[in-house]
Amino acid sequence: MQGFYNKLALLTTKRSSAIILIAIFISIIPSFLLPKLQLKTDYAELVFREAPVYQEYEKYTNNFGALKALYVIIDSPHAKKIVEATHKEILSLHDQNKKPLVKRMLFKTDKQFFYDYGLLFASKSDVANVSRRQLIELANAKNFTQFIKNIATSLKTSKEQDIPQQNYVEQILNNLNKSIVENKLYQSKLPKSKSNYDKMPGMDEDGYFILGKDRLLVRIYPTITHDDYRKYSIFFSAVKEILETEAKKYNAEISYTGSPKLVVDEMQDILKDAGLITFFSLLGVTLLFVISFQKFIWPLLSILVLAIAIIWTFGFAVVLFGYLNVVSIVFAAVLVGLGIDYGIHIVQSYHEALCNEQDNDKAIHSSVSHNGRAIITSAITTAGAFFISSFSGFKGTFQLGILGAIGILLCAIFMLVLLPALLSWSGKKNKHSYKRNRSFWIRAVHKLLRYPKTVVVVTFIMVSLGITTAFFTHFDYDLLKLHKKNSLAVSVEKEITKHGFSSRFAVVLHDKNQLESLKTLVKNLEKLPAVEKVVAITKLIPKDETEKIKMIQKVQQLFATWNAPEISSNIDIDKLIVSLEFLLEECENLLENSLSGIGGSDQKVLNFLDDIVNATEELLNTLQTQKHSKYKKIVIAYQRSLIEQFHSSVRKVKQYINVKPFSIEKLPKPIYEHFIGKNNLSAIYIYPKNNIGEEVHLREFVHQVQKVSNRVTGPLIGFYDTLTTMKEGYQQAGIMALIAIFILLLFEFKKLYIAVLTIIPLICGASLMIGLMFIFNIRINPANLVALPLIFGIGADHGIHIAHRYFREKHTNIDEIVASTGHAILITSLTTAIGFGSLSFADYQGLSSLGIMMVLGVMCCLYTSIVLLPAILKILQGKRE
Amino acid sequence: MKVIHLFLILAVMCCCYTENIILIKPGGPASTEQAQKTMDTFANVLSKLSGTKVTATYFNDESPAIEFIKRNRPQVGIVSTAFYLKYHKSFQLQLQLQVYIKHQNKMNYVIAVAQDSPVHSLQALRGKKVASNHLYEMDFLSHLFFKGTSNWQNYTTAKPVRRPYSYVKRLFRGKMDAVILDNFQAQSIQNLLNKQGKKIRIISNSQKIPTMPVVSFGNRYSSVVRAMQELQNDKQGKKILQLFQIDSFGQVDSQAFTKLVQVQR
């Protein structure tokens with residue numbers, strides 16, 4: 001086999017020009033294919049869509065349209081004007097293919113609906129209050145004296161349990177007393193109904209959806225049914241432009257969130273970060289190269305070869321898949337990180353040979369024949385790991401696995417064929433003398449290796465701790481954490497979640513005609529401890545409708561024909577005192593009766609009556625101790641203001657009193673369409689109770705809901721399913737890759753103990769990385785998960801190079817191995833660390849965590865390959881000797 | 001033909017059969033007429049639950065209640081404990097159920113004075129003014145506090161009143177020296193006084209006695225008694241119990257009554 005690498009080395013120097021020309025020529029082929037490569041930014045592309053959750057999701061989108069909306073919050077007193085002026089234009093938006101962009105826009109609901117059916121949605125006690133005639137009787141009072149008499153009569157005829165509902169009486173008495181004493185009008189506010197029959201929660205009096213005062217909420221549903229960056233980007237930009245243009249006129253502030261905005265932000269942040277980071281990482285890698293080898297041309301040539309290998313991999317991507325998805329697109333970064341390492345090993349060896357005063361071609365021969373086998377072994381092992389990981393069951397990593405494997409092999413081949421040819425071609429012109437500089441770090445490693453046993457013991461303790469922390473490391477399911485810090489869209493998303501508008505929910509579809517089973521399903525879902533609320537059409541069916549209609553009908557005529565009586569502009573104080581004494585007596589009677597019944601007493605009723613007794617006594621005292629003329633005016637003003645309030649209450653009820661029998665079809669169209677789709681399907685929306693960013697809460701929610709209905713779908717379920725498949729896929733792939741690497745090492749070295757020693761840097765490096773991640777509180781998330789195959793590749797690669805030097809080449813001077821191969825590993829690690837480390841400065845927290853994890857992983861593997869493995873080898877060597 | 005006649009007569013008898021309930025609480029609120037609406041609701045619920053026509057009448061005075069019993073011979077009565085002790089022999093009252101208040105079937109009476117009152121013991125009350133709605137059953141109350149050695153009429157200026165709270169208020173104005181309350185009243189009134197920063201002080205507690213029993217007149221089975229037990233499981237029944245401010249009509253503690261009868265002898 002070594003003969004092959006010798007011949008290869010000879011070929012690369014003798015036929016360097018031909019190899020270069022052929023390589024450039026054949027690189028033209030994939031270059032032509034490149035424009036055909038598509039980027040599918042649709043997240044649905046990451047999963048195998050045969051799973052029931054996605055089938056059900058398709059069913060939803062086919063029947064209801066998009067599930068995820070763009071949430072727009074307009075902060076302005078003119079928010080309604082802005083939305084009214086723009087909604088038609090937004091609804092008529094089209095893409096380049098003349099297809100509509102917006103499915104529906106929710107910002108207000110039909111007010112007439114509430115006039116017709118509102119009272120049916122009120123609580124039974126509120127309807128009872130309306131039907132009790134008390135309101136209309138109090139509103140019929142022409143003066144305060146009559147008003148007090150009516151209250152007394154009403155209390156007398158009320159059932160004991162209804163009495164505390166009339167808690168405004170005490171306030172009315174106290175405020176009149178206060179008004180007289182201070183000679184200043186204190187108005188009493190009438191109690192509000194427990195249930196608002198004139199509006200739903202989160203709506204203002206005109207039916208607009210609001211989050212607060214002058215804070216309008218608009219939900220815009222695109223026609224896009226899957227998270228697709230490009231489509232979302234077109235939709236969002238178009239909507240934003242229309243809204244912002246109108247908002248400028250009123251100086252209004254608009255904020256956006258929801259899946260379309262979050263996906264657009266995420267991709268834009270990634271693209272922005274990627275551009276800057278690629279530039280700085282290339283700069284850093286080149287500088288490192290130049291400093292290490294004092295040559296500018298070598299890194300340039302290595303990068304050129306790498307670029308050709310990557311172009312070829314792109315060509316394979318076109319032929320095999322025709323497109324890349326949002327996960328497989330990172331394969332180029334993976335190849336830069338791993339592929340450049342082969343170049344570094346070649347250059348390092350080449351540099352060493354030149355330092356030993358070999359001529360250029362001999363140096364290339366030496367480099368290729370020394371590194372050829374190690375590079376090929378390493379490439380096969382890493383490619384094997386990538387290939388195996390493509391069968392993880394997660395479609396996102398399938399492409400990455402295949403392309404990663406092909407790319408790694410291509411990098412190795414090009415680095416072994418083209419790079420030596422380029423070095424030969426460029427070296428002929430330059431006749432330099434080279435000096436070997438032993439770096440500070442290598443000198444430090446040599447010092448450490450004087451105490452191999454200590455190194456091994458300390459490292460294994462740290463590795464054990466790292467393995468222990470693996471049990472406490474959890475996968476982070478909170479995708480919002482991946483966005484850039486202080487992201488406005490994320491904070492708005494959190495705000496709307498508090499108002500119950502979260503885009504993180506589950507959905508169950510059910511036949512709308514099977515109302516009873518629908519109700520049972522909703523009830524069962526509501527009982528689940530992990531469920532905060534269930535929103536379904538059954539919630540919009542008024543309870544006790546027949547009973548309520550009967551109650552309302554009793555007073556319908558009374559309200560319909562009611563006309564506000566003239567409020568007296570005078571008051572007879574003596575008569576008022578008599579009516580107050582009557583009220584006092586009635587309340588005292590009620591209180592005493594309650595206290596001497598056959599059982600105990602309702603403390604609420606007692607308190608209420610006692611309060612009225614005290615307030616009446618106090619008011620009577622004020623009225624009787626002061627001159628009537630002194631306070632008469634203020635009593636008259638108070639009388640007018642109070643009775644007018646009752647008039648307006650009756651007027652409000654009057655609007656709603658003509659209730660009609662309800663049916664689901666009568667719901668306002670946007671609300672109806674939210675719950676009822678085509679084919680008689682009804683959607684049930686289920687919201688989680690706890691923070692679903694925590695895996696335990698998310699899992700609990702999904703499992704509980706799935707127990708009630710196995711057809712549950714929705715963003716949260718899809719998200720859980722995708723991430724769990726991804727996580728488990730990577731776990732499986734990791735184990736499979738480890739086994740594959742081990743088998744390949746066994747095959748390569750033919751001895752079990754060498755295979756075990758070779759894999760040590762990988763296993764120990766990964767364990768140390770997990771320990772450090774635990775210390776720095778970095779959790780594994782969907783963004784940094786991709787670092788795992790990289791670390792595997794790097795760890796395996798380093799181990800192979802050291803083991804190859806030691807066992808294959810019988811190079812027994814470990815310090816020498818560390819100085820040469822170790823130096824190459826140091827440079828490859830530093831280039832990878834600089835390349836990925838620059839990601840840690842990314843705004844997008846997902847990329848940042850990937851960068852930090854990579855730096856930790858690479859540094860740990862560097863330590864285990866150039867310190868731990870040589871230390872073990874030294875101990876074993878010492879024993880043998 | 002005779003058989004058919006007999007059957008028809010029996011059918012008419014069954015349809016016309018009515019069970020009468022009497023509720024006797026001397027010193028209780030409202031008059032018989034005022035309470036009739038509530039009693040009708042009570043009777044209707046019991047009719048529904050028992051399948052028998054039921055009528056119910058309330059008395060807050062002993063004499064008209066006695067007259068009613070003699071005239072109408074009711075089947076079931078909810079009577080005060082004092083009434084039971086006094087008439088259980090003459091009317092052959094059989095204990096059936098008992099009223100449960102706040103999960104308890106026992107209660108007691110207390111003598112309350114104003115927090116700063118100079119009266120600190122029952123002995124110190126001699127000759128003072130005492131009021132209570134429970135004094136309508138003065139003998140029983142005397143027995144509980146004086147154990148046969150005296151009675152409220154001779155010992156103090158005792159006044160039976162139907163407005164216990166207004167007489168508690170008089171304690172603080174110095175117009176009354178003590179008020180006798182049951183423990184439930186005392187708790188409720190203290191809660192009301194707390195808002196005004198006032199306190200009553202208990203100077204004497206009676207022994208524990210059973211709450212009001214439900215009795216049958218004679219040894220007769222009544223489906224109404226069973227219906228009364230079911231009230232707590234019925235929606236309308238619950239409302240009635242809430243109106244009476246009791247939890248349920250539950251199992252009677254016969255031993256407690258027997259003990260009380262023995263002590264009284």
# chains A, B, ... in the order shown; residues from 1 in each chain; ligands from 1
call {"tool": "residues_around", "arguments": {"residues": "region 91-100 of chain A", "least_positions_apart": "6", "cutoff": "10 Å", "atoms": "only C-alpha atoms", "output": "list in words"}}
result
Ile220, Tyr221, Pro222, Thr223, Ile224, Lys231, Ile234, Phe235, Ala238, Val239 and Ile242 of chain A
call {"tool": "write_last_selection", "arguments": {"atoms": "N, CA and C atoms", "output": "mmCIF file, in the first residue's frame"}}
result
data_model
loop_
_atom_site.group_PDB
_atom_site.id
_atom_site.type_symbol
_atom_site.label_atom_id
_atom_site.label_comp_id
_atom_site.auth_asym_id
_atom_site.auth_seq_id
_atom_site.Cartn_x
_atom_site.Cartn_y
_atom_site.Cartn_z
ATOM 1 N N ILE A 220 -52.267 38.489 10.627
ATOM 2 C CA ILE A 220 -52.340 38.345 9.173
ATOM 3 C C ILE A 220 -51.892 36.929 8.808
ATOM 4 N N TYR A 221 -52.808 36.157 8.248
ATOM 5 C CA TYR A 221 -52.493 34.776 7.872
ATOM 6 C C TYR A 221 -52.054 34.747 6.413
ATOM 7 N N PRO A 222 -50.811 34.328 6.145
ATOM 8 C CA PRO A 222 -50.365 34.250 4.748
ATOM 9 C C PRO A 222 -50.953 33.012 4.064
ATOM 10 N N THR A 223 -50.805 32.948 2.763
ATOM 11 C CA THR A 223 -51.236 31.733 2.052
ATOM 12 C C THR A 223 -50.147 30.664 2.158
ATOM 13 N N ILE A 224 -48.993 31.060 2.723
ATOM 14 C CA ILE A 224 -47.862 30.129 2.856
ATOM 15 C C ILE A 224 -48.157 29.182 4.021
ATOM 16 N N LYS A 231 -40.377 32.731 0.882
ATOM 17 C CA LYS A 231 -41.781 33.116 0.694
ATOM 18 C C LYS A 231 -42.233 34.054 1.819
ATOM 19 N N ILE A 234 -40.896 37.581 1.240
ATOM 20 C CA ILE A 234 -41.665 38.374 0.269
ATOM 21 C C ILE A 234 -42.954 38.874 0.921
ATOM 22 N N PHE A 235 -43.632 37.961 1.608
ATOM 23 C CA PHE A 235 -44.903 38.299 2.269
ATOM 24 C C PHE A 235 -44.699 39.391 3.325
ATOM 25 N N ALA A 238 -43.758 42.878 1.921
ATOM 26 C CA ALA A 238 -44.891 43.553 1.286
ATOM 27 C C ALA A 238 -45.845 44.124 2.333
ATOM 28 N N VAL A 239 -46.145 43.316 3.340
ATOM 29 C CA VAL A 239 -47.060 43.772 4.394
ATOM 30 C C VAL A 239 -46.442 44.950 5.147
ATOM 31 N N ILE A 242 -46.559 48.363 3.329
ATOM 32 C CA ILE A 242 -47.878 49.013 3.332
ATOM 33 C C ILE A 242 -48.165 49.630 4.703
#
call {"tool": "closest_atom_pairs", "arguments": {"of": "chain B", "to": "chain A", "cutoff": "6 Å", "atoms": "only C-alpha atoms", "output": "tab-separated table"}}
result
residue	atom	partner	partner_atom	distance
B:Gly28	CA	A:Ser596	CA	5.4
B:Pro29	CA	A:Asn593	CA	4.6
B:Ile101	CA	A:Gly599	CA	5.9
B:Arg163	CA	A:Glu592	CA	5.2
B:Phe184	CA	A:Gly600	CA	5.6
B:Phe244	CA	A:Gly599	CA	5.8
B:Gln245	CA	A:Gly599	CA	4.8
B:Ile246	CA	A:Gly599	CA	5.0
call {"tool": "residues_around", "arguments": {"residues": "Asp253 (chain B)", "least_positions_apart": "6", "cutoff": "12 Å", "atoms": "only C-alpha atoms", "output": "mmCIF file with C-alpha atoms, in the first residue's frame"}}
result
data_model
loop_
_atom_site.group_PDB
_atom_site.id
_atom_site.type_symbol
_atom_site.label_atom_id
_atom_site.label_comp_id
_atom_site.auth_asym_id
_atom_site.auth_seq_id
_atom_site.Cartn_x
_atom_site.Cartn_y
_atom_site.Cartn_z
ATOM 1 C CA LEU B 95 -85.316 10.992 66.560
ATOM 2 C CA GLN B 96 -84.670 10.523 62.834
ATOM 3 C CA LEU B 97 -82.013 12.957 61.662
ATOM 4 C CA GLN B 98 -80.069 15.926 62.871
ATOM 5 C CA VAL B 99 -79.104 19.293 61.433
ATOM 6 C CA TYR B 100 -75.388 19.660 60.561
ATOM 7 C CA GLN B 104 -70.856 19.912 63.236
ATOM 8 C CA ASN B 105 -73.846 18.363 64.985
ATOM 9 C CA LYS B 106 -73.082 19.982 68.329
ATOM 10 C CA ILE B 209 -75.659 20.202 73.143
ATOM 11 C CA PRO B 210 -76.866 18.499 69.970
ATOM 12 C CA THR B 211 -78.088 20.697 67.109
ATOM 13 C CA MET B 212 -81.786 20.675 66.048
ATOM 14 C CA PRO B 213 -83.154 17.162 65.510
ATOM 15 C CA VAL B 214 -85.518 15.961 62.801
ATOM 16 C CA LYS B 259 -77.650 11.967 77.818
ATOM 17 C CA LEU B 260 -79.224 15.402 77.697
#
call {"tool": "closest_residue", "arguments": {"among": "B:Gln262, B:Gln115, B:Gln229, B:Ser216", "to": "Gln190 (chain B)", "atoms": "only C-alpha atoms"}}
result
B:Gln115
call {"tool": "residues_around", "arguments": {"residues": "region 137-141 of chain B", "least_positions_apart": "3", "cutoff": "12 Å", "atoms": "only C-alpha atoms", "output": "PyMOL selection string"}}
result
chain B and resi 24-28+60-63+80-86+108-111+130-134+144-156+158-161+180-182+205-207+209+260-261+263-265
call {"tool": "select_by_dssp", "arguments": {"residues": "region 8-223 of chain B", "states": "strand (DSSP E or B)", "output": "number ranges by chain"}}
result
B: 18-24, 53-59, 76-79, 93-101, 104, 106-107, 109-114, 129-132, 157-160, 178-182, 200-205, 209-210, 213-217
call {"tool": "select_by_dssp", "arguments": {"residues": "region 652-693 of chain A", "states": "helix (DSSP H, G or I)", "output": "list in words"}}
result
Lys652, Val653, Lys654, Gln655, Tyr656, Ile664, Glu665, Lys666, Lys669, Pro670, Ile671, Tyr672, Glu673, His674, Phe675, Lys678, Asn679 and Asn680 of chain A
call {"tool": "atom_distance", "arguments": {"atom1": "CA of Ala379 (chain A)", "atom2": "CA of Leu21 (chain A)"}}
result
24.9 Å
call {"tool": "closest_residue", "arguments": {"among": "B:Lys53, B:Ile21, B:Met228, B:Leu171", "to": "Val119 (chain B)", "atoms": "only C-alpha atoms"}}
result
B:Leu171
